[in-house]
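Enquirer: I have a structure here, written as structure tokens, and I will follow up with some questions on it.
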Amino acid sequence: MDRLINTILAKVAQLPAKRTLMYDVEGFTEDEVTDLQEKLAQDDTLHVEVTGTKHHPVLEIHPQSSSLPK
């Protein structure tokens, strides 16, 4: 899971300002999705939420607006 988190964080770091990374977590258990969401949310510069449906969840990850350069 740590390798996945590091991969996601690296992709988010490369995003242009005000862009969102959509990460498909279909096939993950609800516990895995929650665990992944909580671990990513530990970075207080990111906003992380689960969207989509119960059968096709998607993580939306983007920098907090307060952490973006002005």
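Residue numbering restarts at 1 for every chain of the structure tokens, chains are lettered A, B, ... in their displayed order, and ligands are numbered from 1 as they appear.
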DSSP says alpha helix (DSSP H) for which residues of chain A? Put them as a PyMOL selection string?

Expert: chain A and resi 2-13+30-41

Enquirer: Keeping only C-alpha atoms, write the selected residues as a CSV table (one decimal), in the first residue's frame.

Expert:
chain,number,residue,atom,x,y,z
A,2,ASP,CA,2.9,2.4,0.7
A,3,ARG,CA,4.2,2.0,-2.8
A,4,LEU,CA,0.7,2.9,-4.2
A,5,ILE,CA,0.5,6.0,-1.8
A,6,ASN,CA,4.0,7.2,-3.0
A,7,THR,CA,3.0,6.7,-6.6
A,8,ILE,CA,-0.3,8.7,-6.1
A,9,LEU,CA,1.6,11.5,-4.2
A,10,ALA,CA,4.2,11.8,-7.0
A,11,LYS,CA,1.4,12.1,-9.6
A,12,VAL,CA,-0.4,14.8,-7.5
A,13,ALA,CA,2.9,16.7,-7.1
A,30,GLU,CA,-14.2,-0.7,1.4
A,31,ASP,CA,-11.6,-1.0,4.1
A,32,GLU,CA,-8.8,-0.7,1.6
A,33,VAL,CA,-10.4,2.5,0.1
A,34,THR,CA,-10.9,4.0,3.6
A,35,ASP,CA,-7.3,3.1,4.6
A,36,LEU,CA,-5.9,4.6,1.4
A,37,GLN,CA,-8.1,7.8,1.8
A,38,GLU,CA,-6.9,8.2,5.4
A,39,LYS,CA,-3.2,7.7,4.6
A,40,LEU,CA,-3.4,10.2,1.8
A,41,ALA,CA,-5.3,12.7,3.9

Enquirer: Which residues are close to A:Thr53, i.e. within 12 Å by only C-alpha atoms, leaving aside same-chain residues fewer than 4 positions away? Reply as a PyMOL selection string.

Expert: chain A and resi 24-26+30+57-59

Enquirer: How many Å separate atom CA of A:Thr20 from atom CA of A:Glu60?

Expert: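 About the pair atom CA of A:Thr20 and atom CA of A:Glu60: they are 6.4 Å apart.
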
Enquirer: From chain A, collect each residue whose DSSP state is strand (DSSP E or B) and return the set as a ChimeraX atom specification.

Expert: /A:21-24,46-52,57-63

Enquirer: Residues of the last selection are to be written out with N, CA and C atoms, as a PDB file, in the first residue's frame.

Expert:
ATOM      1  N   LEU A  21      -6.552  14.805  -9.417  1.00  0.00           N
ATOM      2  CA  LEU A  21      -6.211  13.459  -9.837  1.00  0.00           C
ATOM      3  C   LEU A  21      -7.381  12.555  -9.478  1.00  0.00           C
ATOM      4  N   MET A  22      -7.892  11.853 -10.457  1.00  0.00           N
ATOM      5  CA  MET A  22      -8.965  10.888 -10.228  1.00  0.00           C
ATOM      6  C   MET A  22      -8.313   9.508 -10.230  1.00  0.00           C
ATOM      7  N   TYR A  23      -8.443   8.768  -9.134  1.00  0.00           N
ATOM      8  CA  TYR A  23      -7.825   7.452  -9.038  1.00  0.00           C
ATOM      9  C   TYR A  23      -8.919   6.411  -8.824  1.00  0.00           C
ATOM     10  N   ASP A  24      -9.081   5.550  -9.813  1.00  0.00           N
ATOM     11  CA  ASP A  24     -10.114   4.509  -9.786  1.00  0.00           C
ATOM     12  C   ASP A  24      -9.722   3.429  -8.779  1.00  0.00           C
ATOM     13  N   LEU A  46      -3.272  18.229   1.019  1.00  0.00           N
ATOM     14  CA  LEU A  46      -4.148  17.589   0.042  1.00  0.00           C
ATOM     15  C   LEU A  46      -5.588  17.512   0.526  1.00  0.00           C
ATOM     16  N   HIS A  47      -6.494  17.559  -0.444  1.00  0.00           N
ATOM     17  CA  HIS A  47      -7.909  17.281  -0.182  1.00  0.00           C
ATOM     18  C   HIS A  47      -8.193  15.943  -0.849  1.00  0.00           C
ATOM     19  N   VAL A  48      -8.717  14.987  -0.086  1.00  0.00           N
ATOM     20  CA  VAL A  48      -8.977  13.643  -0.594  1.00  0.00           C
ATOM     21  C   VAL A  48     -10.414  13.273  -0.274  1.00  0.00           C
ATOM     22  N   GLU A  49     -11.147  12.821  -1.291  1.00  0.00           N
ATOM     23  CA  GLU A  49     -12.508  12.339  -1.044  1.00  0.00           C
ATOM     24  C   GLU A  49     -12.843  11.202  -1.978  1.00  0.00           C
ATOM     25  N   VAL A  50     -13.766  10.367  -1.534  1.00  0.00           N
ATOM     26  CA  VAL A  50     -14.240   9.253  -2.348  1.00  0.00           C
ATOM     27  C   VAL A  50     -15.521   9.702  -3.041  1.00  0.00           C
ATOM     28  N   THR A  51     -15.532   9.565  -4.358  1.00  0.00           N
ATOM     29  CA  THR A  51     -16.724   9.879  -5.135  1.00  0.00           C
ATOM     30  C   THR A  51     -17.088   8.648  -5.958  1.00  0.00           C
ATOM     31  N   GLY A  52     -18.002   8.800  -6.872  1.00  0.00           N
ATOM     32  CA  GLY A  52     -18.438   7.671  -7.677  1.00  0.00           C
ATOM     33  C   GLY A  52     -19.564   6.938  -6.973  1.00  0.00           C
ATOM     34  N   PRO A  57     -16.054   3.073  -6.942  1.00  0.00           N
ATOM     35  CA  PRO A  57     -15.537   4.231  -6.212  1.00  0.00           C
ATOM     36  C   PRO A  57     -14.320   4.845  -6.904  1.00  0.00           C
ATOM     37  N   VAL A  58     -14.184   6.137  -6.731  1.00  0.00           N
ATOM     38  CA  VAL A  58     -13.066   6.888  -7.297  1.00  0.00           C
ATOM     39  C   VAL A  58     -12.540   7.826  -6.212  1.00  0.00           C
ATOM     40  N   LEU A  59     -11.226   7.869  -6.062  1.00  0.00           N
ATOM     41  CA  LEU A  59     -10.616   8.842  -5.154  1.00  0.00           C
ATOM     42  C   LEU A  59     -10.316  10.103  -5.944  1.00  0.00           C
ATOM     43  N   GLU A  60     -10.726  11.233  -5.423  1.00  0.00           N
ATOM     44  CA  GLU A  60     -10.385  12.526  -6.009  1.00  0.00           C
ATOM     45  C   GLU A  60      -9.370  13.173  -5.075  1.00  0.00           C
ATOM     46  N   ILE A  61      -8.218  13.509  -5.629  1.00  0.00           N
ATOM     47  CA  ILE A  61      -7.132  14.053  -4.822  1.00  0.00           C
ATOM     48  C   ILE A  61      -6.641  15.337  -5.487  1.00  0.00           C
ATOM     49  N   HIS A  62      -6.590  16.410  -4.730  1.00  0.00           N
ATOM     50  CA  HIS A  62      -6.043  17.657  -5.266  1.00  0.00           C
ATOM     51  C   HIS A  62      -5.464  18.487  -4.129  1.00  0.00           C
ATOM     52  N   PRO A  63      -4.556  19.399  -4.479  1.00  0.00           N
ATOM     53  CA  PRO A  63      -3.979  20.255  -3.445  1.00  0.00           C
ATOM     54  C   PRO A  63      -5.059  21.136  -2.802  1.00  0.00           C
TER      55      PRO A  63
END

Enquirer: Of the candidates A:Met1, A:Arg19, A:Gly27, A:Gln14, which one gets nearest to A:Gln64 if we count only C-alpha atoms?

Expert: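 Among A:Met1, A:Arg19, A:Gly27, A:Gln14, it is A:Arg19 that comes nearest to A:Gln64.
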